[in-house]
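Report on the following structure.
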Amino acid sequence: MLAAEFINTLFDAELPEPSDWESSYPPRDLLPGAIVTRFAPSPTGFLHTGGVYTANLGKNLAVHSAGSYFIRIEDTDQARVVPGSREQFARAFKYFDIESDENDSNSKWGPYEQSKRERIYHTYARELLRRDHAYLCFCTREELARMTEEQNAAKVQTGYYGSWARCRNLSPAEVMSRLERDQPYTIRFRSPEGQPERVEFVDLIRGRIEHQNNTNDVVLLKSSDQLLRLPTYHFAHVVDDTLMRVTVVLRGEEWISSVPVHLQLFNALGFKPIPYAHIAPLMKFDGASRRKLSKRKDNEADVAFYIESGYPAGAVLHYLRGLANSRFAEMTFEESASSALSLSECGVAGPIFDLVKLESISREFIAQLPTEAALESLLTWARDYDPELGAILPRNLPLARRIFANERQPGVQRKDLAKWGEFRTAYGLYFQELFPPASDPSDPRFAPVDPDMVVKLAKGFADSYRHEEDKEAWFEQIRSLAAAHGFAPTAGQYKKNPESFAGSISHVSNAIRIALTGLKQSPELFLVAQNLGEDEVLRRVRALTRSDASRSV
RNA sequence: GGCGCAUUGGUGUAGUUGGUUAACACGCUGCCCUCUCAAGGCAGAGAUCACGGGUUCGAGUCCCGUAUGCGCUACCA
């Protein structure tokens, strides 16, 4: 065992003692039962959909228990930190309403970035060395890699344990001499001897879990040749979640296998273990098998996908909550946004993330949005992600408002939009700048109605047009127009005797539809006319009746 | 290889002290409505509850085994 004075020389002489940290990070003054959760992403690129999934659950637990939810950036692997991911994160946290309740300026439990907590980890690493629960390891990465190969070849368990743990019992003299030769070292946990072979613990979601105990001497503090001497996840988790007074550790199920080490670490540090809730990862259907939603392969794994395509956050969150706990899937949007989640009700199998289902939910969500809310949400999205539309909309605000209002009248319910990115194709027809004009009667879109008839219909429609406010009265114009040109005035009549008519009412209405919208499919024509206004209706239809000059060959 | 977790119609789930025809949503098919597309209404197809044993009068539900999938087995998280 190394002498205390010697251990001290490995660290800053001014390094605080554990009791100093523990008194500056007291438990929060919260009611009994209040839950403190944290969301702890690594800034290694974009924010994963699974992150929003987890964070949303954590925030729910905190909110409904009058607790606290915070975000801690896990940047202990400096090599993997990707510049710009903080900004990506900030945008996503805001969009999905999972921003941290706490930050460096409003809370005393920070800092909230692990790279800024270096001294805290050092204190506890020193403490473990002093108590002989840790030791210096001089093995190089190359040696370690070779060792793993040997273990694989010998078909024994890989890891740093037993006789493989070469530095575990180095004499103090040996340690000193290596330090004098400037050999870099890591600090490893001395996993306790004489432990039971198996451990049992309770998971808040899964209940009892039994696992083989840990015998591996995991690294606590990374190599001394690094600029910042940062901890591994295992060490940081135990130290941070204790000092930051977390009461429920919500994390992915990939951590279940690590619980035994974590339990040993809590014990060695004299900390009380924190209850765990391991949630199943979001999955993706890939051919015949399912797999984890992957950052590399699936663009829906990056939350930027939802933000940029314009899926409303409320719809995505509703879907995600329903995936975690199907009781939420049956609720209305308001209920699911305001109901408390129960961990024991969460599913234990990884749910498949299904974009088709999300779209269906999102369509419903947008359809339910009140006019003003829909308009505002669209404007915000367009400003950032479709600048052209973002410029057009403010110039046509009354029209935009009318579109949403008309689709939201009693008895009218359209679910055209799953995301704001679809606004252009669904409603672009109303805007001069986005309208695909059809002023050529021989345009193939009019088929099977021939060009001469198209002109006749357009002329007949325009000449007698009345901008009726009543739906039936308005459409009656199309019926009489059809009758006047030998078309059946109702679809039923045409169906019965197709041979006695020039065509069906739908041929006529489609000709007018294409003139008005440039599209073969649109909302009902009455609505289109209402939104367009009388002048624009006439202008568009008359474009077809102009001289032959407009007819291209 | 070792260890852990999981496995209910195409998809997500409900079914949590074992007890009648396994429920809901999405998707799919058909019909109705209808000026198109949606929406809406109605109807329908689709699950031997992964497989094999066992306990029991009785098992999706409990036990054992097998298979498959996922994960851990890093100075990544």
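Just remember, in the structure tokens the first chain shown is A, the second B, etc., residues are 1-based per chain, and ligands are 1-based in the order shown.
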Could you build a table of the residues in chain A lying no more than 8 Å from chain B, giving for each the nearest pair of atoms and their separation in Å rounded to one decimal place, using only C-alpha atoms (C1' of nucleotides), ordered by chain and ascending residue number, as JSON lines?
```
{"residue": "A:Ser42", "atom": "CA", "partner": "B:A77", "partner_atom": "C1'", "distance": 7.0}
{"residue": "A:Asp77", "atom": "CA", "partner": "B:C76", "partner_atom": "C1'", "distance": 7.3}
{"residue": "A:Arg141", "atom": "CA", "partner": "B:C75", "partner_atom": "C1'", "distance": 7.8}
{"residue": "A:Lys155", "atom": "CA", "partner": "B:G1", "partner_atom": "C1'", "distance": 6.2}
{"residue": "A:Val156", "atom": "CA", "partner": "B:G1", "partner_atom": "C1'", "distance": 7.7}
{"residue": "A:Gln157", "atom": "CA", "partner": "B:G2", "partner_atom": "C1'", "distance": 6.5}
{"residue": "A:Thr158", "atom": "CA", "partner": "B:U73", "partner_atom": "C1'", "distance": 6.8}
{"residue": "A:Gly159", "atom": "CA", "partner": "B:U73", "partner_atom": "C1'", "distance": 7.7}
{"residue": "A:Thr186", "atom": "CA", "partner": "B:C75", "partner_atom": "C1'", "distance": 7.0}
{"residue": "A:His211", "atom": "CA", "partner": "B:G4", "partner_atom": "C1'", "distance": 6.6}
{"residue": "A:Gln212", "atom": "CA", "partner": "B:C3", "partner_atom": "C1'", "distance": 6.4}
{"residue": "A:Val219", "atom": "CA", "partner": "B:C75", "partner_atom": "C1'", "distance": 6.5}
{"residue": "A:Leu221", "atom": "CA", "partner": "B:C75", "partner_atom": "C1'", "distance": 7.5}
{"residue": "A:Lys222", "atom": "CA", "partner": "B:C75", "partner_atom": "C1'", "distance": 4.7}
{"residue": "A:Ser223", "atom": "CA", "partner": "B:C75", "partner_atom": "C1'", "distance": 6.0}
{"residue": "A:Thr232", "atom": "CA", "partner": "B:C75", "partner_atom": "C1'", "distance": 7.5}
{"residue": "A:Tyr233", "atom": "CA", "partner": "B:A77", "partner_atom": "C1'", "distance": 6.5}
{"residue": "A:Glu253", "atom": "CA", "partner": "B:G71", "partner_atom": "C1'", "distance": 7.4}
{"residue": "A:Glu254", "atom": "CA", "partner": "B:G71", "partner_atom": "C1'", "distance": 5.2}
{"residue": "A:Trp255", "atom": "CA", "partner": "B:C72", "partner_atom": "C1'", "distance": 7.4}
{"residue": "A:Ile256", "atom": "CA", "partner": "B:G4", "partner_atom": "C1'", "distance": 7.1}
{"residue": "A:Ser257", "atom": "CA", "partner": "B:C72", "partner_atom": "C1'", "distance": 5.3}
{"residue": "A:Ser258", "atom": "CA", "partner": "B:C72", "partner_atom": "C1'", "distance": 7.3}
{"residue": "A:Ser289", "atom": "CA", "partner": "B:G69", "partner_atom": "C1'", "distance": 7.4}
{"residue": "A:Arg290", "atom": "CA", "partner": "B:G69", "partner_atom": "C1'", "distance": 7.1}
{"residue": "A:Arg291", "atom": "CA", "partner": "B:C70", "partner_atom": "C1'", "distance": 7.0}
{"residue": "A:Lys292", "atom": "CA", "partner": "B:C70", "partner_atom": "C1'", "distance": 7.5}
{"residue": "A:Leu323", "atom": "CA", "partner": "B:G12", "partner_atom": "C1'", "distance": 6.9}
{"residue": "A:Ser326", "atom": "CA", "partner": "B:U13", "partner_atom": "C1'", "distance": 5.7}
{"residue": "A:Ala329", "atom": "CA", "partner": "B:A25", "partner_atom": "C1'", "distance": 7.7}
{"residue": "A:Glu330", "atom": "CA", "partner": "B:A25", "partner_atom": "C1'", "distance": 7.3}
{"residue": "A:Val348", "atom": "CA", "partner": "B:A6", "partner_atom": "C1'", "distance": 7.3}
{"residue": "A:Ala349", "atom": "CA", "partner": "B:A6", "partner_atom": "C1'", "distance": 5.4}
{"residue": "A:Gly350", "atom": "CA", "partner": "B:A6", "partner_atom": "C1'", "distance": 7.9}
{"residue": "A:Pro351", "atom": "CA", "partner": "B:G12", "partner_atom": "C1'", "distance": 6.9}
{"residue": "A:Ile352", "atom": "CA", "partner": "B:G12", "partner_atom": "C1'", "distance": 6.9}
{"residue": "A:Asp354", "atom": "CA", "partner": "B:U11", "partner_atom": "C1'", "distance": 7.2}
{"residue": "A:Val356", "atom": "CA", "partner": "B:C26", "partner_atom": "C1'", "distance": 7.9}
{"residue": "A:Lys357", "atom": "CA", "partner": "B:C26", "partner_atom": "C1'", "distance": 5.6}
{"residue": "A:Ser360", "atom": "CA", "partner": "B:C26", "partner_atom": "C1'", "distance": 7.5}
{"residue": "A:Gln413", "atom": "CA", "partner": "B:A39", "partner_atom": "C1'", "distance": 5.9}
{"residue": "A:Arg414", "atom": "CA", "partner": "B:A39", "partner_atom": "C1'", "distance": 5.5}
{"residue": "A:Lys415", "atom": "CA", "partner": "B:A39", "partner_atom": "C1'", "distance": 6.7}
{"residue": "A:Asp416", "atom": "CA", "partner": "B:A38", "partner_atom": "C1'", "distance": 6.9}
{"residue": "A:Ile505", "atom": "CA", "partner": "B:C35", "partner_atom": "C1'", "distance": 6.5}
{"residue": "A:Ser506", "atom": "CA", "partner": "B:C35", "partner_atom": "C1'", "distance": 5.0}
{"residue": "A:Val508", "atom": "CA", "partner": "B:C35", "partner_atom": "C1'", "distance": 7.9}
{"residue": "A:Ser509", "atom": "CA", "partner": "B:C35", "partner_atom": "C1'", "distance": 5.1}
{"residue": "A:Asn510", "atom": "CA", "partner": "B:U36", "partner_atom": "C1'", "distance": 6.6}
{"residue": "A:Lys520", "atom": "CA", "partner": "B:U36", "partner_atom": "C1'", "distance": 6.5}
{"residue": "A:Gln521", "atom": "CA", "partner": "B:C37", "partner_atom": "C1'", "distance": 4.9}
{"residue": "A:Ser522", "atom": "CA", "partner": "B:C37", "partner_atom": "C1'", "distance": 6.0}
{"residue": "A:Pro523", "atom": "CA", "partner": "B:C37", "partner_atom": "C1'", "distance": 7.2}
{"residue": "A:Glu524", "atom": "CA", "partner": "B:C35", "partner_atom": "C1'", "distance": 7.4}
{"residue": "A:Leu525", "atom": "CA", "partner": "B:C35", "partner_atom": "C1'", "distance": 7.6}
```
May I have the residues from that selection written out with C-alpha atoms, as a CSV table (one decimal), in the first residue's frame?
```csv
chain,number,residue,atom,x,y,z
A,42,SER,CA,-22.3,12.9,-24.7
A,77,ASP,CA,-14.0,11.4,-23.7
A,141,ARG,CA,-2.9,0.3,-24.4
A,155,LYS,CA,-11.0,-18.7,-24.0
A,156,VAL,CA,-11.0,-17.1,-20.6
A,157,GLN,CA,-12.9,-14.1,-19.5
A,158,THR,CA,-11.4,-10.8,-20.8
A,159,GLY,CA,-10.6,-8.1,-18.4
A,186,THR,CA,-4.2,5.3,-14.9
A,211,HIS,CA,-26.2,-10.7,-12.2
A,212,GLN,CA,-22.7,-12.1,-12.0
A,219,VAL,CA,-10.2,2.3,-14.8
A,221,LEU,CA,-9.1,8.0,-13.9
A,222,LYS,CA,-7.7,8.0,-17.4
A,223,SER,CA,-4.1,8.3,-18.3
A,232,THR,CA,-14.4,7.0,-17.0
A,233,TYR,CA,-18.2,6.8,-17.1
A,253,GLU,CA,-30.5,-0.9,-20.5
A,254,GLU,CA,-27.0,-1.3,-21.9
A,255,TRP,CA,-25.9,-0.3,-18.4
A,256,ILE,CA,-27.5,-3.2,-16.6
A,257,SER,CA,-24.3,-5.2,-17.0
A,258,SER,CA,-22.3,-2.5,-15.2
A,289,SER,CA,-34.8,-8.4,-37.9
A,290,ARG,CA,-35.0,-5.6,-35.4
A,291,ARG,CA,-32.0,-3.6,-34.3
A,292,LYS,CA,-31.2,-0.6,-32.2
A,323,LEU,CA,-43.9,4.0,-26.8
A,326,SER,CA,-48.9,2.4,-23.9
A,329,ALA,CA,-50.8,6.2,-26.4
A,330,GLU,CA,-54.6,6.0,-25.7
A,348,VAL,CA,-39.2,-3.8,-20.9
A,349,ALA,CA,-38.8,-4.8,-24.5
A,350,GLY,CA,-37.3,-2.3,-27.0
A,351,PRO,CA,-40.2,-0.7,-28.9
A,352,ILE,CA,-40.0,-0.3,-32.6
A,354,ASP,CA,-42.4,3.5,-36.6
A,356,VAL,CA,-45.7,5.7,-40.3
A,357,LYS,CA,-47.3,5.7,-36.9
A,360,SER,CA,-50.5,9.4,-38.3
A,413,GLN,CA,-61.5,18.1,-40.7
A,414,ARG,CA,-58.6,17.6,-43.0
A,415,LYS,CA,-55.5,15.9,-41.9
A,416,ASP,CA,-53.3,16.9,-44.8
A,505,ILE,CA,-69.5,15.8,-63.1
A,506,SER,CA,-66.1,14.8,-61.8
A,508,VAL,CA,-66.0,19.1,-65.0
A,509,SER,CA,-65.0,19.7,-61.4
A,510,ASN,CA,-61.6,18.4,-62.1
A,520,LYS,CA,-55.4,16.9,-59.7
A,521,GLN,CA,-56.2,16.5,-56.0
A,522,SER,CA,-57.2,19.3,-53.6
A,523,PRO,CA,-59.5,20.2,-50.8
A,524,GLU,CA,-63.1,20.6,-51.9
A,525,LEU,CA,-63.5,23.3,-54.5
```
Selection near stretch 365-379 of chain A, 9 Å with only C-alpha atoms (C1' of nucleotides), sequence-local residues under 4 positions removed, as a ChimeraX atom specification: /A:310,312,314-315,333,360-361,383-384,389-390,393-394,397,400-405,407-408,413-421,423
Rounded to one decimal place, report the atom CA of A:Ile307-atom CA of A:Glu334 distance in Å. 20.9 Å
Shell around B:C64 at 12 Å using only C-alpha atoms (C1' of nucleotides), local window under 5 positions removed, as a ChimeraX atom specification: /B:52-55
For the alpha helix (DSSP H) assignment from backbone DSSP, which residues of stretch 325-479 of chain A qualify? Please present them as a CSV table (one decimal) with N, CA and C atoms, in the first residue's frame.
```
chain,number,residue,atom,x,y,z
A,326,SER,N,-47.8,2.4,-22.9
A,326,SER,CA,-48.9,2.4,-23.9
A,326,SER,C,-50.1,3.1,-23.3
A,327,ARG,N,-50.2,3.2,-22.0
A,327,ARG,CA,-51.4,3.9,-21.5
A,327,ARG,C,-51.4,5.3,-22.0
A,328,PHE,N,-50.3,5.9,-22.3
A,328,PHE,CA,-50.2,7.2,-22.8
A,328,PHE,C,-50.7,7.3,-24.2
A,329,ALA,N,-50.5,6.2,-25.0
A,329,ALA,CA,-50.8,6.2,-26.4
A,329,ALA,C,-52.4,6.4,-26.6
A,333,PHE,N,-53.8,14.4,-26.5
A,333,PHE,CA,-52.5,15.1,-26.4
A,333,PHE,C,-52.4,15.8,-25.1
A,334,GLU,N,-53.5,16.5,-24.7
A,334,GLU,CA,-53.4,17.3,-23.5
A,334,GLU,C,-53.2,16.3,-22.3
A,335,GLU,N,-53.9,15.2,-22.2
A,335,GLU,CA,-53.7,14.3,-21.1
A,335,GLU,C,-52.3,13.7,-21.0
A,336,SER,N,-51.8,13.3,-22.2
A,336,SER,CA,-50.5,12.7,-22.2
A,336,SER,C,-49.4,13.7,-21.8
A,337,ALA,N,-49.6,14.9,-22.2
A,337,ALA,CA,-48.6,15.9,-21.8
A,337,ALA,C,-48.6,16.3,-20.4
A,338,SER,N,-49.8,16.0,-19.7
A,338,SER,CA,-49.8,16.5,-18.3
A,338,SER,C,-50.0,15.3,-17.3
A,355,LEU,N,-42.1,5.3,-38.2
A,355,LEU,CA,-42.3,6.6,-38.7
A,355,LEU,C,-43.8,6.7,-39.2
A,356,VAL,N,-44.3,5.7,-39.8
A,356,VAL,CA,-45.7,5.7,-40.3
A,356,VAL,C,-46.7,6.1,-39.2
A,357,LYS,N,-46.5,5.5,-38.0
A,357,LYS,CA,-47.3,5.7,-36.9
A,357,LYS,C,-47.1,7.2,-36.4
A,358,LEU,N,-45.9,7.6,-36.4
A,358,LEU,CA,-45.6,9.0,-36.0
A,358,LEU,C,-46.4,9.9,-36.9
A,359,GLU,N,-46.3,9.7,-38.2
A,359,GLU,CA,-47.0,10.5,-39.1
A,359,GLU,C,-48.5,10.6,-38.9
A,360,SER,N,-49.1,9.5,-38.6
A,360,SER,CA,-50.5,9.4,-38.3
A,360,SER,C,-50.8,10.3,-37.0
A,361,ILE,N,-50.0,10.2,-36.0
A,361,ILE,CA,-50.2,10.9,-34.8
A,361,ILE,C,-50.0,12.4,-35.1
A,362,SER,N,-49.0,12.7,-35.9
A,362,SER,CA,-48.6,14.1,-36.1
A,362,SER,C,-49.7,14.8,-37.0
A,363,ARG,N,-50.3,14.0,-37.9
A,363,ARG,CA,-51.4,14.6,-38.7
A,363,ARG,C,-52.6,14.9,-37.8
A,364,GLU,N,-52.9,14.0,-36.9
A,364,GLU,CA,-53.9,14.3,-35.9
A,364,GLU,C,-53.6,15.5,-35.1
A,365,PHE,N,-52.4,15.6,-34.7
A,365,PHE,CA,-51.9,16.7,-33.8
A,365,PHE,C,-52.1,18.0,-34.5
A,366,ILE,N,-51.6,18.1,-35.7
A,366,ILE,CA,-51.7,19.4,-36.4
A,366,ILE,C,-53.2,19.7,-36.7
A,367,ALA,N,-54.0,18.7,-37.0
A,367,ALA,CA,-55.4,19.0,-37.3
A,367,ALA,C,-56.1,19.6,-36.1
A,368,GLN,N,-55.6,19.2,-34.9
A,368,GLN,CA,-56.2,19.7,-33.7
A,368,GLN,C,-55.8,21.0,-33.2
A,371,THR,N,-56.2,27.5,-34.9
A,371,THR,CA,-55.7,28.3,-36.1
A,371,THR,C,-54.4,29.1,-35.7
A,372,GLU,N,-54.5,29.9,-34.7
A,372,GLU,CA,-53.4,30.8,-34.4
A,372,GLU,C,-52.1,30.0,-34.0
A,373,ALA,N,-52.3,28.9,-33.2
A,373,ALA,CA,-51.2,28.1,-32.8
A,373,ALA,C,-50.6,27.4,-34.0
A,374,ALA,N,-51.4,26.9,-35.0
A,374,ALA,CA,-50.9,26.3,-36.2
A,374,ALA,C,-50.1,27.3,-37.0
A,375,LEU,N,-50.7,28.5,-37.1
A,375,LEU,CA,-50.0,29.5,-37.9
A,375,LEU,C,-48.7,29.9,-37.3
A,376,GLU,N,-48.6,30.1,-36.0
A,376,GLU,CA,-47.4,30.5,-35.4
A,376,GLU,C,-46.3,29.4,-35.5
A,377,SER,N,-46.8,28.1,-35.3
A,377,SER,CA,-45.8,27.0,-35.4
A,377,SER,C,-45.3,26.9,-36.8
A,378,LEU,N,-46.1,27.1,-37.8
A,378,LEU,CA,-45.7,27.1,-39.2
A,378,LEU,C,-44.7,28.2,-39.5
A,379,LEU,N,-45.0,29.4,-39.1
A,379,LEU,CA,-44.2,30.6,-39.3
A,379,LEU,C,-42.8,30.4,-38.7
A,380,THR,N,-42.8,29.8,-37.5
A,380,THR,CA,-41.5,29.6,-36.8
A,380,THR,C,-40.7,28.6,-37.6
A,381,TRP,N,-41.3,27.5,-38.0
A,381,TRP,CA,-40.6,26.5,-38.8
A,381,TRP,C,-40.1,27.1,-40.1
A,382,ALA,N,-41.0,27.7,-40.8
A,382,ALA,CA,-40.6,28.2,-42.2
A,382,ALA,C,-39.4,29.2,-42.1
A,383,ARG,N,-39.5,30.1,-41.1
A,383,ARG,CA,-38.4,31.1,-40.9
A,383,ARG,C,-37.1,30.4,-40.9
A,384,ASP,N,-37.0,29.3,-40.2
A,384,ASP,CA,-35.7,28.6,-40.0
A,384,ASP,C,-35.4,27.6,-41.1
A,385,TYR,N,-36.4,26.9,-41.6
A,385,TYR,CA,-36.0,25.8,-42.5
A,385,TYR,C,-36.6,25.8,-43.9
A,387,PRO,N,-36.8,29.2,-46.0
A,387,PRO,CA,-36.8,30.7,-46.0
A,387,PRO,C,-37.7,31.2,-47.1
A,388,GLU,N,-37.8,30.5,-48.2
A,388,GLU,CA,-38.7,31.1,-49.3
A,388,GLU,C,-40.1,31.2,-48.8
A,389,LEU,N,-40.6,30.1,-48.2
A,389,LEU,CA,-41.9,30.1,-47.6
A,389,LEU,C,-42.0,31.0,-46.5
A,390,GLY,N,-40.9,31.1,-45.7
A,390,GLY,CA,-40.8,32.0,-44.6
A,390,GLY,C,-41.0,33.5,-45.0
A,391,ALA,N,-40.6,33.8,-46.3
A,391,ALA,CA,-40.8,35.2,-46.8
A,391,ALA,C,-42.1,35.4,-47.3
A,392,ILE,N,-42.7,34.3,-47.9
A,392,ILE,CA,-44.0,34.5,-48.6
A,392,ILE,C,-45.1,34.6,-47.6
A,393,LEU,N,-45.1,33.8,-46.5
A,393,LEU,CA,-46.2,33.8,-45.5
A,393,LEU,C,-46.4,35.1,-44.9
A,394,PRO,N,-45.5,35.8,-44.4
A,394,PRO,CA,-45.8,37.1,-43.7
A,394,PRO,C,-46.4,38.1,-44.7
A,395,ARG,N,-46.2,38.0,-45.9
A,395,ARG,CA,-46.8,38.9,-46.9
A,395,ARG,C,-48.2,38.5,-47.1
A,397,LEU,N,-50.4,37.0,-44.7
A,397,LEU,CA,-50.9,36.5,-43.4
A,397,LEU,C,-52.4,36.2,-43.3
A,398,PRO,N,-53.2,37.1,-43.8
A,398,PRO,CA,-54.6,36.9,-43.8
A,398,PRO,C,-55.0,35.6,-44.5
A,399,LEU,N,-54.4,35.4,-45.7
A,399,LEU,CA,-54.7,34.2,-46.5
A,399,LEU,C,-54.3,33.0,-45.7
A,400,ALA,N,-53.1,33.0,-45.1
A,400,ALA,CA,-52.6,31.8,-44.4
A,400,ALA,C,-53.5,31.5,-43.2
A,401,ARG,N,-54.0,32.6,-42.6
A,401,ARG,CA,-54.9,32.4,-41.4
A,401,ARG,C,-56.2,31.8,-41.9
A,402,ARG,N,-56.7,32.3,-43.0
A,402,ARG,CA,-57.9,31.8,-43.6
A,402,ARG,C,-57.8,30.3,-44.0
A,403,ILE,N,-56.7,29.9,-44.5
A,403,ILE,CA,-56.5,28.5,-44.9
A,403,ILE,C,-56.7,27.6,-43.7
A,404,PHE,N,-56.0,28.0,-42.6
A,404,PHE,CA,-56.1,27.2,-41.4
A,404,PHE,C,-57.5,27.2,-40.8
A,405,ALA,N,-58.0,28.4,-40.8
A,405,ALA,CA,-59.4,28.6,-40.2
A,405,ALA,C,-60.4,27.8,-40.9
A,406,ASN,N,-60.3,27.8,-42.3
A,406,ASN,CA,-61.3,27.1,-43.1
A,406,ASN,C,-61.2,25.6,-42.9
A,423,PHE,N,-46.5,21.7,-46.0
A,423,PHE,CA,-47.4,22.8,-46.2
A,423,PHE,C,-47.3,23.2,-47.7
A,424,ARG,N,-46.1,23.3,-48.3
A,424,ARG,CA,-46.0,23.7,-49.7
A,424,ARG,C,-46.8,22.9,-50.6
A,425,THR,N,-46.7,21.5,-50.5
A,425,THR,CA,-47.4,20.7,-51.5
A,425,THR,C,-48.9,20.7,-51.2
A,426,ALA,N,-49.3,20.8,-49.9
A,426,ALA,CA,-50.7,20.7,-49.6
A,426,ALA,C,-51.4,22.1,-49.9
A,427,TYR,N,-50.8,23.2,-49.5
A,427,TYR,CA,-51.5,24.5,-49.6
A,427,TYR,C,-50.8,25.5,-50.4
A,451,PRO,N,-59.1,20.0,-75.0
A,451,PRO,CA,-58.8,21.4,-74.9
A,451,PRO,C,-60.0,22.3,-75.2
A,452,ASP,N,-60.7,22.0,-76.2
A,452,ASP,CA,-61.8,22.9,-76.6
A,452,ASP,C,-62.8,22.9,-75.5
A,453,MET,N,-63.1,21.8,-75.0
A,453,MET,CA,-64.1,21.7,-73.9
A,453,MET,C,-63.6,22.4,-72.6
A,454,VAL,N,-62.3,22.3,-72.4
A,454,VAL,CA,-61.7,23.0,-71.2
A,454,VAL,C,-62.0,24.4,-71.3
A,455,VAL,N,-61.7,25.0,-72.5
A,455,VAL,CA,-61.9,26.4,-72.7
A,455,VAL,C,-63.4,26.8,-72.5
A,456,LYS,N,-64.3,25.9,-73.1
A,456,LYS,CA,-65.7,26.2,-73.0
A,456,LYS,C,-66.2,26.2,-71.5
A,457,LEU,N,-65.7,25.2,-70.8
A,457,LEU,CA,-66.0,25.1,-69.4
A,457,LEU,C,-65.5,26.3,-68.6
A,458,ALA,N,-64.3,26.6,-68.9
A,458,ALA,CA,-63.7,27.8,-68.1
A,458,ALA,C,-64.5,29.0,-68.4
A,459,LYS,N,-64.8,29.2,-69.7
A,459,LYS,CA,-65.5,30.4,-70.1
A,459,LYS,C,-66.9,30.4,-69.4
A,460,GLY,N,-67.6,29.3,-69.5
A,460,GLY,CA,-68.9,29.2,-68.9
A,460,GLY,C,-68.9,29.4,-67.4
A,461,PHE,N,-67.9,28.9,-66.8
A,461,PHE,CA,-67.8,29.0,-65.3
A,461,PHE,C,-67.6,30.5,-65.0
A,462,ALA,N,-66.6,31.1,-65.7
A,462,ALA,CA,-66.2,32.5,-65.3
A,462,ALA,C,-67.4,33.5,-65.6
A,463,ASP,N,-68.0,33.3,-66.7
A,463,ASP,CA,-69.0,34.3,-67.2
A,463,ASP,C,-70.2,34.3,-66.2
A,471,LYS,N,-72.0,26.5,-49.3
A,471,LYS,CA,-71.4,25.4,-50.0
A,471,LYS,C,-72.2,24.8,-51.1
A,472,GLU,N,-73.4,24.5,-50.8
A,472,GLU,CA,-74.3,23.8,-51.8
A,472,GLU,C,-74.6,24.8,-53.0
A,473,ALA,N,-74.9,26.0,-52.6
A,473,ALA,CA,-75.2,27.0,-53.7
A,473,ALA,C,-74.0,27.2,-54.6
A,474,TRP,N,-72.8,27.2,-54.0
A,474,TRP,CA,-71.6,27.4,-54.7
A,474,TRP,C,-71.4,26.2,-55.7
A,475,PHE,N,-71.5,25.0,-55.2
A,475,PHE,CA,-71.3,23.9,-56.1
A,475,PHE,C,-72.3,23.7,-57.1
A,476,GLU,N,-73.5,24.2,-56.9
A,476,GLU,CA,-74.6,24.1,-57.8
A,476,GLU,C,-74.1,24.7,-59.2
A,477,GLN,N,-73.2,25.7,-59.1
A,477,GLN,CA,-72.7,26.3,-60.4
A,477,GLN,C,-72.0,25.3,-61.2
A,478,ILE,N,-71.2,24.4,-60.6
A,478,ILE,CA,-70.5,23.4,-61.3
A,478,ILE,C,-71.5,22.4,-61.9
A,479,ARG,N,-72.6,22.1,-61.1
A,479,ARG,CA,-73.6,21.1,-61.6
A,479,ARG,C,-74.2,21.7,-62.9
```
Test item, strand (DSSP E) assignment across stretch 237-450 of chain A, answer as a ChimeraX atom specification: /A:249-252,276-279,283-286,289-292
Contacts of stretch 121-138 of chain A at 8 Å or less, counting only C-alpha atoms (C1' of nucleotides), minus same-chain residues fewer than 5 places along, as a PyMOL selection string? chain A and resi 1-4+7-8+11+15-18+167-168+175+183-192+220-221+230-231+235-236+239+268-269
Take the selection from the previous step and output its residues with C-alpha atoms, as a tab-separated table (two decimals), in the first residue's frame.
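Final output, saved to again.tsv:
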```
chain	number	residue	atom	x	y	z
A	1	MET	CA	0.00	0.00	0.00
A	2	LEU	CA	1.28	3.43	-0.91
A	3	ALA	CA	2.08	5.93	1.83
A	4	ALA	CA	-0.41	8.75	2.28
A	7	ILE	CA	-0.34	9.67	-2.68
A	8	ASN	CA	-0.76	13.36	-1.94
A	11	PHE	CA	-2.46	15.50	-6.88
A	15	LEU	CA	-7.30	19.62	-3.63
A	16	PRO	CA	-10.36	19.67	-1.32
A	17	GLU	CA	-11.30	16.73	0.88
A	18	PRO	CA	-14.46	14.69	0.26
A	167	CYS	CA	-0.28	-3.74	-11.58
A	168	ARG	CA	-2.68	-4.62	-8.80
A	175	VAL	CA	5.55	2.29	-8.42
A	183	GLN	CA	5.67	6.35	-17.16
A	184	PRO	CA	2.06	7.44	-17.64
A	185	TYR	CA	-0.48	5.65	-15.48
A	186	THR	CA	-4.17	5.26	-14.94
A	187	ILE	CA	-5.90	4.79	-11.63
A	188	ARG	CA	-7.78	1.54	-11.33
A	189	PHE	CA	-10.38	0.35	-8.92
A	190	ARG	CA	-9.25	-2.49	-6.68
A	191	SER	CA	-12.33	-4.63	-6.91
A	192	PRO	CA	-13.01	-6.16	-3.52
A	220	LEU	CA	-11.33	5.17	-12.71
A	221	LEU	CA	-9.13	7.99	-13.89
A	230	LEU	CA	-10.90	12.84	-16.53
A	231	PRO	CA	-12.80	9.86	-15.15
A	235	PHE	CA	-16.46	6.63	-11.76
A	236	ALA	CA	-18.10	9.83	-12.93
A	239	VAL	CA	-19.41	10.52	-7.93
A	268	ALA	CA	-15.98	1.74	-1.62
A	269	LEU	CA	-16.69	5.45	-1.56
```
Pairwise distance for atom CA of A:Val316 and atom CA of A:Glu300, rounded to one decimal in Å: 11.4 Å
